[in-house]
Amino acid sequence: MAAIATVNEEARKTARHKVLDTGLIRFGDFSVPCVIRNLSDAGAALDAVSQGLVPNQFTLIVVRKKKSYSCTVIWRKGTRVGVSFC
């Protein structure tokens with residue numbers, strides 16, 4: 001019999017890793033600085049002071065790693081934004 005996930009269990013498909021990296025949310029000619037709080041192969045959680053300026057789709061640039069990801073917002077809570085990578 002298959003186990004049923006409870007509310008307390010994580011529903012992520014890939015493991016997340018806590019990080020504390022600097023990032024840039026890029027859209028059009030604009031950039032919003034952010035802090036990357038966790039990261040997985042499928043997405044990330046970001047803190048952005050100007051969360052209201054963050055569009056539903058953007059490019060995330062991880063400054064230290066010099067990597068970029070196409071992102072879609074999947075949730076918003078306070079200053080935190082959860083994204084999936086496209």
# chains A, B, ... in the order shown; residues from 1 in each chain; ligands from 1
$ residues_around --residues "Val32 of chain A" --least-positions-apart "3" --cutoff "12 Å" --atoms "only C-alpha atoms" --output "short mmCIF file (atom, residue, chain, number, x, y, z; two decimals) with C-alpha atoms, in the first residue's frame"
data_model
loop_
_atom_site.label_atom_id
_atom_site.label_comp_id
_atom_site.auth_asym_id
_atom_site.auth_seq_id
_atom_site.Cartn_x
_atom_site.Cartn_y
_atom_site.Cartn_z
CA THR A 22 23.21 37.20 -3.99
CA GLY A 23 21.04 37.25 -7.07
CA LEU A 24 19.52 39.60 -9.61
CA ILE A 25 15.98 39.34 -10.91
CA ARG A 26 16.19 40.56 -14.53
CA PHE A 27 13.22 41.53 -16.67
CA GLY A 28 13.36 43.91 -19.62
CA ASP A 29 15.87 46.64 -18.85
CA VAL A 35 18.85 36.95 -1.73
CA LEU A 46 14.13 34.28 -3.14
CA ASP A 47 13.86 37.26 -0.83
CA ALA A 48 13.30 40.54 -2.67
CA VAL A 49 12.56 43.78 -0.83
CA SER A 50 10.72 45.06 -3.90
CA GLN A 51 8.68 41.84 -4.34
CA GLY A 52 5.82 43.90 -5.77
CA LEU A 53 8.06 44.75 -8.73
CA VAL A 54 8.82 41.11 -9.51
CA PRO A 55 6.89 39.92 -12.59
CA PHE A 58 11.95 36.66 -15.27
CA THR A 59 15.60 35.63 -15.45
CA LEU A 60 17.41 34.90 -12.19
CA ILE A 61 21.14 35.59 -12.21
#
$ residues_around --residues "Gly82 of chain A" --least-positions-apart "2" --cutoff "12 Å" --atoms "only C-alpha atoms" --output "ChimeraX atom specification"
/A:12,35-40,42-48,51,54,56-57,60,71-80,84-85
$ decode --residues "segment 25-71 of chain A" --atoms "N, CA and C atoms" --output "JSON list (two decimals), in the first residue's frame"
[["chain", "number", "residue", "atom", "x", "y", "z"],
["A", 25, "ILE", "N", 17.18, 39.67, -10.17],
["A", 25, "ILE", "CA", 15.98, 39.34, -10.91],
["A", 25, "ILE", "C", 15.94, 40.29, -12.09],
["A", 26, "ARG", "N", 16.11, 39.74, -13.31],
["A", 26, "ARG", "CA", 16.19, 40.56, -14.53],
["A", 26, "ARG", "C", 14.91, 40.40, -15.35],
["A", 27, "PHE", "N", 14.37, 41.53, -15.76],
["A", 27, "PHE", "CA", 13.22, 41.53, -16.67],
["A", 27, "PHE", "C", 13.28, 42.83, -17.45],
["A", 28, "GLY", "N", 13.21, 42.73, -18.78],
["A", 28, "GLY", "CA", 13.36, 43.91, -19.62],
["A", 28, "GLY", "C", 14.69, 44.57, -19.36],
["A", 29, "ASP", "N", 14.65, 45.88, -19.14],
["A", 29, "ASP", "CA", 15.87, 46.64, -18.85],
["A", 29, "ASP", "C", 16.09, 46.84, -17.36],
["A", 30, "PHE", "N", 15.34, 46.11, -16.52],
["A", 30, "PHE", "CA", 15.38, 46.32, -15.07],
["A", 30, "PHE", "C", 16.01, 45.14, -14.35],
["A", 31, "SER", "N", 16.59, 45.44, -13.19],
["A", 31, "SER", "CA", 17.13, 44.42, -12.28],
["A", 31, "SER", "C", 16.68, 44.74, -10.87],
["A", 32, "VAL", "N", 16.28, 43.70, -10.14],
["A", 32, "VAL", "CA", 15.92, 43.84, -8.72],
["A", 32, "VAL", "C", 16.86, 42.91, -7.96],
["A", 33, "PRO", "N", 17.60, 43.44, -6.98],
["A", 33, "PRO", "CA", 18.48, 42.56, -6.20],
["A", 33, "PRO", "C", 17.65, 41.62, -5.33],
["A", 34, "CYS", "N", 18.20, 40.44, -5.07],
["A", 34, "CYS", "CA", 17.51, 39.48, -4.21],
["A", 34, "CYS", "C", 18.54, 38.63, -3.47],
["A", 35, "VAL", "N", 18.05, 37.93, -2.46],
["A", 35, "VAL", "CA", 18.85, 36.95, -1.73],
["A", 35, "VAL", "C", 18.25, 35.58, -2.04],
["A", 36, "ILE", "N", 19.07, 34.66, -2.47],
["A", 36, "ILE", "CA", 18.63, 33.30, -2.77],
["A", 36, "ILE", "C", 18.72, 32.51, -1.47],
["A", 37, "ARG", "N", 17.57, 32.04, -0.97],
["A", 37, "ARG", "CA", 17.50, 31.34, 0.32],
["A", 37, "ARG", "C", 17.63, 29.84, 0.20],
["A", 38, "ASN", "N", 17.04, 29.26, -0.85],
["A", 38, "ASN", "CA", 17.25, 27.85, -1.10],
["A", 38, "ASN", "C", 17.19, 27.61, -2.60],
["A", 39, "LEU", "N", 17.80, 26.51, -3.00],
["A", 39, "LEU", "CA", 17.98, 26.25, -4.42],
["A", 39, "LEU", "C", 17.91, 24.74, -4.65],
["A", 40, "SER", "N", 17.23, 24.35, -5.72],
["A", 40, "SER", "CA", 17.20, 22.95, -6.13],
["A", 40, "SER", "C", 17.35, 22.91, -7.65],
["A", 41, "ASP", "N", 17.34, 21.72, -8.21],
["A", 41, "ASP", "CA", 17.42, 21.60, -9.67],
["A", 41, "ASP", "C", 16.16, 22.14, -10.34],
["A", 42, "ALA", "N", 15.06, 22.21, -9.58],
["A", 42, "ALA", "CA", 13.78, 22.61, -10.17],
["A", 42, "ALA", "C", 13.35, 24.03, -9.85],
["A", 43, "GLY", "N", 13.95, 24.67, -8.82],
["A", 43, "GLY", "CA", 13.50, 26.00, -8.47],
["A", 43, "GLY", "C", 14.27, 26.60, -7.30],
["A", 44, "ALA", "N", 13.71, 27.70, -6.76],
["A", 44, "ALA", "CA", 14.39, 28.42, -5.69],
["A", 44, "ALA", "C", 13.39, 29.24, -4.88],
["A", 45, "ALA", "N", 13.83, 29.66, -3.69],
["A", 45, "ALA", "CA", 13.10, 30.63, -2.89],
["A", 45, "ALA", "C", 13.98, 31.87, -2.79],
["A", 46, "LEU", "N", 13.39, 33.01, -3.09],
["A", 46, "LEU", "CA", 14.13, 34.28, -3.14],
["A", 46, "LEU", "C", 13.51, 35.29, -2.21],
["A", 47, "ASP", "N", 14.33, 36.11, -1.59],
["A", 47, "ASP", "CA", 13.86, 37.26, -0.83],
["A", 47, "ASP", "C", 14.17, 38.51, -1.64],
["A", 48, "ALA", "N", 13.13, 39.29, -1.91],
["A", 48, "ALA", "CA", 13.30, 40.54, -2.67],
["A", 48, "ALA", "C", 12.52, 41.63, -1.95],
["A", 49, "VAL", "N", 13.21, 42.68, -1.54],
["A", 49, "VAL", "CA", 12.56, 43.78, -0.83],
["A", 49, "VAL", "C", 11.45, 44.38, -1.69],
["A", 50, "SER", "N", 11.71, 44.49, -2.97],
["A", 50, "SER", "CA", 10.72, 45.06, -3.90],
["A", 50, "SER", "C", 9.93, 43.94, -4.57],
["A", 51, "GLN", "N", 9.40, 43.00, -3.79],
["A", 51, "GLN", "CA", 8.68, 41.84, -4.34],
["A", 51, "GLN", "C", 7.52, 42.26, -5.23],
["A", 52, "GLY", "N", 6.91, 43.41, -4.94],
["A", 52, "GLY", "CA", 5.82, 43.90, -5.77],
["A", 52, "GLY", "C", 6.25, 44.23, -7.19],
["A", 53, "LEU", "N", 7.53, 44.46, -7.40],
["A", 53, "LEU", "CA", 8.06, 44.75, -8.73],
["A", 53, "LEU", "C", 8.40, 43.50, -9.52],
["A", 54, "VAL", "N", 8.39, 42.35, -8.87],
["A", 54, "VAL", "CA", 8.82, 41.11, -9.51],
["A", 54, "VAL", "C", 7.69, 40.57, -10.39],
["A", 55, "PRO", "N", 7.93, 40.45, -11.70],
["A", 55, "PRO", "CA", 6.89, 39.92, -12.59],
["A", 55, "PRO", "C", 6.76, 38.40, -12.44],
["A", 56, "ASN", "N", 5.77, 37.82, -13.06],
["A", 56, "ASN", "CA", 5.54, 36.38, -12.96],
["A", 56, "ASN", "C", 6.58, 35.55, -13.71],
["A", 57, "GLN", "N", 7.27, 36.15, -14.68],
["A", 57, "GLN", "CA", 8.35, 35.46, -15.39],
["A", 57, "GLN", "C", 9.55, 36.40, -15.49],
["A", 58, "PHE", "N", 10.73, 35.85, -15.24],
["A", 58, "PHE", "CA", 11.95, 36.66, -15.27],
["A", 58, "PHE", "C", 13.16, 35.75, -15.37],
["A", 59, "THR", "N", 14.33, 36.36, -15.47],
["A", 59, "THR", "CA", 15.60, 35.63, -15.45],
["A", 59, "THR", "C", 16.27, 35.88, -14.11],
["A", 60, "LEU", "N", 16.66, 34.81, -13.44],
["A", 60, "LEU", "CA", 17.41, 34.90, -12.19],
["A", 60, "LEU", "C", 18.88, 34.73, -12.51],
["A", 61, "ILE", "N", 19.69, 35.68, -12.06],
["A", 61, "ILE", "CA", 21.14, 35.59, -12.21],
["A", 61, "ILE", "C", 21.75, 35.33, -10.84],
["A", 62, "VAL", "N", 22.46, 34.20, -10.70],
["A", 62, "VAL", "CA", 23.17, 33.87, -9.47],
["A", 62, "VAL", "C", 24.56, 34.46, -9.63],
["A", 63, "VAL", "N", 24.81, 35.56, -8.95],
["A", 63, "VAL", "CA", 26.02, 36.37, -9.18],
["A", 63, "VAL", "C", 27.29, 35.56, -8.95],
["A", 64, "ARG", "N", 27.41, 34.88, -7.82],
["A", 64, "ARG", "CA", 28.64, 34.18, -7.47],
["A", 64, "ARG", "C", 28.96, 33.05, -8.46],
["A", 65, "LYS", "N", 27.94, 32.34, -8.90],
["A", 65, "LYS", "CA", 28.14, 31.21, -9.82],
["A", 65, "LYS", "C", 28.15, 31.62, -11.28],
["A", 66, "LYS", "N", 27.76, 32.87, -11.55],
["A", 66, "LYS", "CA", 27.66, 33.37, -12.92],
["A", 66, "LYS", "C", 26.76, 32.46, -13.76],
["A", 67, "LYS", "N", 25.61, 32.09, -13.17],
["A", 67, "LYS", "CA", 24.62, 31.24, -13.84],
["A", 67, "LYS", "C", 23.32, 32.01, -13.94],
["A", 68, "SER", "N", 22.52, 31.67, -14.94],
["A", 68, "SER", "CA", 21.21, 32.29, -15.06],
["A", 68, "SER", "C", 20.15, 31.22, -15.30],
["A", 69, "TYR", "N", 18.94, 31.49, -14.83],
["A", 69, "TYR", "CA", 17.81, 30.58, -14.94],
["A", 69, "TYR", "C", 16.58, 31.34, -15.39],
["A", 70, "SER", "N", 15.81, 30.77, -16.29],
["A", 70, "SER", "CA", 14.50, 31.33, -16.64],
["A", 70, "SER", "C", 13.53, 30.85, -15.57],
["A", 71, "CYS", "N", 12.77, 31.78, -14.98],
["A", 71, "CYS", "CA", 11.93, 31.46, -13.83],
["A", 71, "CYS", "C", 10.47, 31.83, -14.04]]
